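To keep things clear, I will list the structure first and then write my remarks on it.
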Amino acid sequence: MRKSRVQRMVLATCLGSFLLVIFYFQSSLNPAAEDRILGTSWHGKSGRSPLQALYDSDQFEQSSLQATHQQRRDLLSSVCSRYTRKRRLLTRDDLRHLVVDDVHGLLYCYVPKVACTNWKRVMMVLTGQGKYRDPLEIPANEAHVSSNLRTLSEYSTPEINHRLRNYLKFIFVREPFERLVSAYRNKFTRRYNTAFHKRYGTKIIRRHRQEPSNEALERGDDVRFKEFVYYLLDPRTQVEEPFNEHWERVHSLCHPCIIHYDVVGKYETLAEDANYVLQLVGADASVKFPSSSKTTRTTDDMTAQFFEDISPFYQRRLFNLYKMDYLLFNYSIPSYLRLR
């Protein structure tokens, strides 16, 4: 009897070592008080943490920009309360997209196809201690090298909880179908993305094209948008592996109903919202968020054209797949959809 009890205790200990659960509770102290207790010092111009700067600004009459961000936070909280019945605990895997800036007290959840390359460049400037000065001098491929930025999943459990409570957490989002079409165009219509063609394109064509040519099966470089939609809605897809981050839903990447985001920026107001974050950080005036000069970016009109060839039945199913992102971030149902 004693031996079996010891064996059970050893087994429980081993299982516990494989499952790390992050207990994250919003602090009952205001950020200013908690900073004083913890003895934290910050490198912004004001000497305050970004979270403290946000908290302090809420004590006075809000500007229209502050009011907009308060409304976004309130809406997010309201939708989460309505649609999330049971709040689960965070695991390390949930934190892989949260980039950490320990210099200024920032957590940024990056969402592919929502200016994340430029935000990673800015984060490299903020955390680089003078190594980088201009975000645009950093090559795009270097911004995506994992060793250049730390993510929250790399920290110990106490360090994770401390940062979740005390750092300003921000996210940038985009109209869900516009982001989806942008991902499709980038990964399946550009000749240089051979890795995506081989890994995803060949599978999509094999499963969702009638009588594909041998060349298409081999190369996987001419996936049609309709076939991509069929792939997303195929029950086998997510059984076999999670969605790729470029078309995964934002709520599955960043967990906004578990993690309390202080700033929800939008791609549609990118310059204004990015400047707001940098002001809260107290970043040096020389640190500017790169302005977009792309003339090929995916627009609403362009997205509508891609959906012309998708039947109302599949439009409805695809909308249901991304519905939570529409609700959480206050995006209207696109006028071009023919939902029944």
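Identifiers in the structure tokens: chain A, B, ... in order shown; residue index from 1 per chain; ligand index from 1 in order shown.
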Contact table stretch 61-172 of chain A vs stretch 256-264 of chain A, cut-off 7 Å, shortest pair per residue, only C-alpha atoms, as a tab-separated table:
residue	atom	partner	partner_atom	distance
A:His69	CA	A:Val263	CA	6.5
A:Arg72	CA	A:Val264	CA	6.6
A:Arg73	CA	A:Asp262	CA	7.0
A:Cys80	CA	A:Cys257	CA	5.4
A:Arg87	CA	A:Ile258	CA	6.8
A:Leu168	CA	A:Asp262	CA	6.2
A:Lys169	CA	A:Tyr261	CA	5.0
A:Phe170	CA	A:Val263	CA	4.7
A:Ile171	CA	A:Val264	CA	5.2
A:Phe172	CA	A:Val264	CA	5.8
Residues of stretch 152-194 of chain A that approach stretch 90-105 of chain A to 7 Å or less, counting only C-alpha atoms: could you list each one with the shortest pair of atoms and its distance in Å to one decimal, rows by chain and increasing residue number, as JSON lines?
{"residue": "A:Leu152", "atom": "CA", "partner": "A:Leu95", "partner_atom": "CA", "distance": 5.6}
{"residue": "A:Ser153", "atom": "CA", "partner": "A:Leu95", "partner_atom": "CA", "distance": 5.0}
{"residue": "A:Tyr167", "atom": "CA", "partner": "A:Gly105", "partner_atom": "CA", "distance": 4.7}
{"residue": "A:Leu168", "atom": "CA", "partner": "A:Gly105", "partner_atom": "CA", "distance": 6.3}
### Task
Extract the full set of alpha helix (DSSP H) residues from stretch 272-301 of chain A according to DSSP on the backbone, and format it as a list of chain:residue names.
A:Glu272, A:Asp273, A:Ala274, A:Asn275, A:Tyr276, A:Val277, A:Leu278, A:Gln279, A:Leu280, A:Val281, A:Asp300, A:Asp301
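Atom pair atom CA of A:Asn330 / atom CA of A:Pro112: separated by 19.1 Å.
Interatomic distance, atom CA of A:Thr194 to atom CA of A:His251: 28.2 Å.
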### Query
What is the distance between atom CA of A:Asp309 and atom CA of A:Val114, in Å to one decimal?
25.1 Å
Could you give me, as a PDB file with all heavy atoms, in the first residue's frame, the residues within 10 Å of A:Arg206, counting only C-alpha atoms and dropping anything in the same chain fewer than 5 positions from it?
ATOM      1  N   GLY A 201       0.571  24.443 -50.010  1.00  0.00           N
ATOM      2  CA  GLY A 201      -0.009  24.479 -51.350  1.00  0.00           C
ATOM      3  C   GLY A 201      -0.232  23.107 -51.946  1.00  0.00           C
ATOM      4  O   GLY A 201      -1.304  22.830 -52.510  1.00  0.00           O
ATOM      5  N   GLU A 211      -8.859  16.786 -60.479  1.00  0.00           N
ATOM      6  CA  GLU A 211      -7.924  16.450 -61.546  1.00  0.00           C
ATOM      7  C   GLU A 211      -6.768  17.449 -61.653  1.00  0.00           C
ATOM      8  O   GLU A 211      -6.557  18.084 -62.696  1.00  0.00           O
ATOM      9  CB  GLU A 211      -8.667  16.352 -62.885  1.00  0.00           C
ATOM     10  CG  GLU A 211      -9.768  15.292 -62.889  1.00  0.00           C
ATOM     11  CD  GLU A 211     -10.474  15.210 -64.232  1.00  0.00           C
ATOM     12  OE1 GLU A 211     -10.097  15.965 -65.155  1.00  0.00           O
ATOM     13  OE2 GLU A 211     -11.401  14.397 -64.353  1.00  0.00           O
ATOM     14  N   PRO A 212      -6.006  17.611 -60.573  1.00  0.00           N
ATOM     15  CA  PRO A 212      -4.856  18.526 -60.628  1.00  0.00           C
ATOM     16  C   PRO A 212      -3.751  17.965 -61.523  1.00  0.00           C
ATOM     17  O   PRO A 212      -3.609  16.741 -61.658  1.00  0.00           O
ATOM     18  CB  PRO A 212      -4.390  18.584 -59.171  1.00  0.00           C
ATOM     19  CG  PRO A 212      -4.816  17.260 -58.598  1.00  0.00           C
ATOM     20  CD  PRO A 212      -6.108  16.923 -59.277  1.00  0.00           C
ATOM     21  N   SER A 213      -2.980  18.842 -62.131  1.00  0.00           N
ATOM     22  CA  SER A 213      -1.858  18.407 -62.956  1.00  0.00           C
ATOM     23  C   SER A 213      -0.723  17.923 -62.056  1.00  0.00           C
ATOM     24  O   SER A 213      -0.644  18.288 -60.883  1.00  0.00           O
ATOM     25  CB  SER A 213      -1.363  19.556 -63.839  1.00  0.00           C
ATOM     26  OG  SER A 213      -0.780  20.570 -63.032  1.00  0.00           O
ATOM     27  N   ASN A 214       0.146  17.118 -62.621  1.00  0.00           N
ATOM     28  CA  ASN A 214       1.307  16.638 -61.870  1.00  0.00           C
ATOM     29  C   ASN A 214       2.193  17.796 -61.436  1.00  0.00           C
ATOM     30  O   ASN A 214       2.776  17.775 -60.340  1.00  0.00           O
ATOM     31  CB  ASN A 214       2.109  15.638 -62.711  1.00  0.00           C
ATOM     32  CG  ASN A 214       1.367  14.332 -62.894  1.00  0.00           C
ATOM     33  OD1 ASN A 214       0.546  13.946 -62.062  1.00  0.00           O
ATOM     34  ND2 ASN A 214       1.643  13.641 -63.992  1.00  0.00           N
ATOM     35  N   ALA A 216       1.212  20.900 -60.729  1.00  0.00           N
ATOM     36  CA  ALA A 216       0.575  21.589 -59.606  1.00  0.00           C
ATOM     37  C   ALA A 216       0.756  20.808 -58.313  1.00  0.00           C
ATOM     38  O   ALA A 216       1.013  21.390 -57.247  1.00  0.00           O
ATOM     39  CB  ALA A 216      -0.905  21.792 -59.890  1.00  0.00           C
ATOM     40  N   LEU A 217       0.654  19.486 -58.383  1.00  0.00           N
ATOM     41  CA  LEU A 217       0.842  18.650 -57.208  1.00  0.00           C
ATOM     42  C   LEU A 217       2.281  18.707 -56.695  1.00  0.00           C
ATOM     43  O   LEU A 217       2.527  18.593 -55.501  1.00  0.00           O
ATOM     44  CB  LEU A 217       0.475  17.196 -57.535  1.00  0.00           C
ATOM     45  CG  LEU A 217      -1.018  16.911 -57.722  1.00  0.00           C
ATOM     46  CD1 LEU A 217      -1.232  15.511 -58.288  1.00  0.00           C
ATOM     47  CD2 LEU A 217      -1.772  17.075 -56.406  1.00  0.00           C
ATOM     48  N   GLU A 218       3.208  18.888 -57.615  1.00  0.00           N
ATOM     49  CA  GLU A 218       4.615  18.940 -57.259  1.00  0.00           C
ATOM     50  C   GLU A 218       5.010  20.308 -56.705  1.00  0.00           C
ATOM     51  O   GLU A 218       5.717  20.404 -55.703  1.00  0.00           O
ATOM     52  CB  GLU A 218       5.470  18.609 -58.476  1.00  0.00           C
ATOM     53  CG  GLU A 218       6.968  18.825 -58.296  1.00  0.00           C
ATOM     54  CD  GLU A 218       7.590  17.882 -57.277  1.00  0.00           C
ATOM     55  OE1 GLU A 218       7.022  16.799 -57.057  1.00  0.00           O
ATOM     56  OE2 GLU A 218       8.634  18.241 -56.697  1.00  0.00           O
ATOM     57  N   GLY A 220       2.792  23.242 -56.034  1.00  0.00           N
ATOM     58  CA  GLY A 220       1.884  23.852 -55.066  1.00  0.00           C
ATOM     59  C   GLY A 220       1.883  25.363 -55.084  1.00  0.00           C
ATOM     60  O   GLY A 220       1.553  26.001 -54.081  1.00  0.00           O
TER      61      GLY A 220
END
### Task
Assign secondary structure with DSSP using the backbone only, and return the residues of stretch 34-266 of chain A in strand (DSSP E) as a VMD selection string.
chain A and resid 90 to 91 98 to 101 106 to 109 168 to 173 263 to 266
### Task
Between A:Thr117, A:Thr202, A:Asn275, A:Thr298, single out the one closest to A:Leu136, counting only C-alpha atoms.
A:Thr117
### Message
I'd like the neighbourhood of stretch 232-245 of chain A as a PyMOL selection string, where a residue qualifies if any of its atoms comes within 12 Å (using only C-alpha atoms), though same-chain residues fewer than 3 positions away should be ignored.
### Response
chain A and resi 96-97+110-114+116+179-180+183-184+187+196+199-200+203-204+207-208+225-229+248-254+313-322
How would the residues just chosen look if you wrote them out with N, CA and C atoms as a compact mmCIF listing (two decimals), in the first residue's frame?
# COMPACT_ATOMS: atom_id res chain seq x y z
N ARG A 96 3.66 32.52 -26.73
CA ARG A 96 4.71 32.56 -27.74
C ARG A 96 4.66 33.81 -28.61
N HIS A 97 3.51 34.47 -28.70
CA HIS A 97 3.37 35.65 -29.55
C HIS A 97 3.53 36.96 -28.77
N TYR A 110 2.13 40.02 -31.24
CA TYR A 110 2.21 40.27 -32.68
C TYR A 110 1.23 39.38 -33.44
N VAL A 111 0.56 39.99 -34.41
CA VAL A 111 -0.39 39.31 -35.28
C VAL A 111 0.11 39.45 -36.71
N PRO A 112 0.50 38.36 -37.36
CA PRO A 112 0.97 38.45 -38.75
C PRO A 112 -0.06 39.11 -39.65
N LYS A 113 0.44 39.89 -40.60
CA LYS A 113 -0.37 40.66 -41.56
C LYS A 113 -1.06 41.86 -40.92
N VAL A 114 -0.56 42.28 -39.75
CA VAL A 114 -1.06 43.52 -39.13
C VAL A 114 0.16 44.35 -38.72
N CYS A 116 3.15 43.63 -38.33
CA CYS A 116 3.98 43.05 -37.26
C CYS A 116 5.47 43.16 -37.58
N ARG A 179 -7.37 40.78 -43.63
CA ARG A 179 -6.14 40.13 -43.17
C ARG A 179 -5.98 38.75 -43.81
N LEU A 180 -7.09 38.02 -43.92
CA LEU A 180 -7.04 36.68 -44.51
C LEU A 180 -6.62 36.73 -45.97
N ALA A 183 -2.97 37.49 -46.27
CA ALA A 183 -2.16 36.30 -46.01
C ALA A 183 -2.14 35.39 -47.24
N TYR A 184 -3.29 35.20 -47.85
CA TYR A 184 -3.36 34.36 -49.05
C TYR A 184 -2.50 34.93 -50.17
N LYS A 187 1.31 34.54 -49.25
CA LYS A 187 1.88 33.19 -49.13
C LYS A 187 1.63 32.29 -50.34
N PHE A 196 5.99 27.79 -48.24
CA PHE A 196 4.54 27.70 -48.06
C PHE A 196 3.91 26.88 -49.18
N ARG A 199 4.70 23.17 -48.30
CA ARG A 199 4.08 22.65 -47.08
C ARG A 199 2.56 22.68 -47.14
N TYR A 200 2.00 23.78 -47.63
CA TYR A 200 0.55 23.94 -47.62
C TYR A 200 -0.07 23.83 -49.01
N LYS A 203 -0.65 20.25 -50.43
CA LYS A 203 -1.75 19.57 -49.72
C LYS A 203 -3.10 20.12 -50.13
N ILE A 204 -3.21 21.46 -50.23
CA ILE A 204 -4.48 22.09 -50.60
C ILE A 204 -4.91 21.64 -51.99
N ARG A 207 -6.08 17.93 -52.13
CA ARG A 207 -7.37 17.63 -51.50
C ARG A 207 -8.55 18.38 -52.12
N HIS A 208 -8.29 19.56 -52.67
CA HIS A 208 -9.41 20.43 -53.03
C HIS A 208 -9.45 20.84 -54.50
N PHE A 225 -7.93 31.01 -54.44
CA PHE A 225 -8.49 31.46 -53.16
C PHE A 225 -9.63 30.54 -52.72
N LYS A 226 -10.45 30.09 -53.66
CA LYS A 226 -11.55 29.19 -53.32
C LYS A 226 -11.02 27.91 -52.68
N GLU A 227 -9.92 27.40 -53.19
CA GLU A 227 -9.32 26.18 -52.63
C GLU A 227 -8.77 26.46 -51.23
N PHE A 228 -8.22 27.62 -51.04
CA PHE A 228 -7.72 28.02 -49.72
C PHE A 228 -8.86 28.06 -48.72
N VAL A 229 -10.02 28.59 -49.12
CA VAL A 229 -11.20 28.63 -48.26
C VAL A 229 -11.66 27.21 -47.90
N GLU A 248 -4.38 32.15 -38.61
CA GLU A 248 -5.03 31.83 -37.34
C GLU A 248 -5.81 33.05 -36.85
N ARG A 249 -6.92 32.81 -36.16
CA ARG A 249 -7.74 33.89 -35.62
C ARG A 249 -6.96 34.64 -34.53
N VAL A 250 -7.18 35.94 -34.43
CA VAL A 250 -6.45 36.76 -33.46
C VAL A 250 -6.74 36.29 -32.04
N HIS A 251 -7.98 35.92 -31.78
CA HIS A 251 -8.31 35.51 -30.41
C HIS A 251 -7.61 34.21 -30.02
N SER A 252 -7.20 33.42 -31.01
CA SER A 252 -6.46 32.19 -30.72
C SER A 252 -4.96 32.44 -30.60
N LEU A 253 -4.48 33.51 -31.20
CA LEU A 253 -3.05 33.86 -31.11
C LEU A 253 -2.74 34.63 -29.83
N CYS A 254 -3.63 35.54 -29.45
CA CYS A 254 -3.31 36.50 -28.38
C CYS A 254 -4.19 36.39 -27.14
N PHE A 313 -23.00 29.91 -49.20
CA PHE A 313 -22.87 28.84 -48.21
C PHE A 313 -21.49 28.85 -47.57
N TYR A 314 -20.45 28.96 -48.39
CA TYR A 314 -19.09 28.97 -47.85
C TYR A 314 -18.72 30.32 -47.25
N GLN A 315 -19.32 31.39 -47.73
CA GLN A 315 -19.11 32.69 -47.09
C GLN A 315 -19.61 32.66 -45.65
N ARG A 316 -20.79 32.08 -45.45
CA ARG A 316 -21.35 31.99 -44.11
C ARG A 316 -20.48 31.13 -43.20
N ARG A 317 -20.03 30.01 -43.69
CA ARG A 317 -19.19 29.13 -42.87
C ARG A 317 -17.86 29.80 -42.52
N LEU A 318 -17.29 30.51 -43.49
CA LEU A 318 -16.02 31.19 -43.22
C LEU A 318 -16.23 32.33 -42.23
N PHE A 319 -17.34 33.05 -42.36
CA PHE A 319 -17.62 34.13 -41.42
C PHE A 319 -17.77 33.57 -40.00
N ASN A 320 -18.44 32.44 -39.87
CA ASN A 320 -18.60 31.83 -38.54
C ASN A 320 -17.25 31.42 -37.95
N LEU A 321 -16.32 31.04 -38.80
CA LEU A 321 -14.99 30.66 -38.34
C LEU A 321 -14.24 31.85 -37.73
N TYR A 322 -14.45 33.03 -38.32
CA TYR A 322 -13.74 34.24 -37.86
C TYR A 322 -14.66 35.19 -37.08
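Distance check against A:Ile333 using only C-alpha atoms: of A:Thr296, A:Gly265, A:Ile138, A:Pro176, the minimum falls on A:Pro176.
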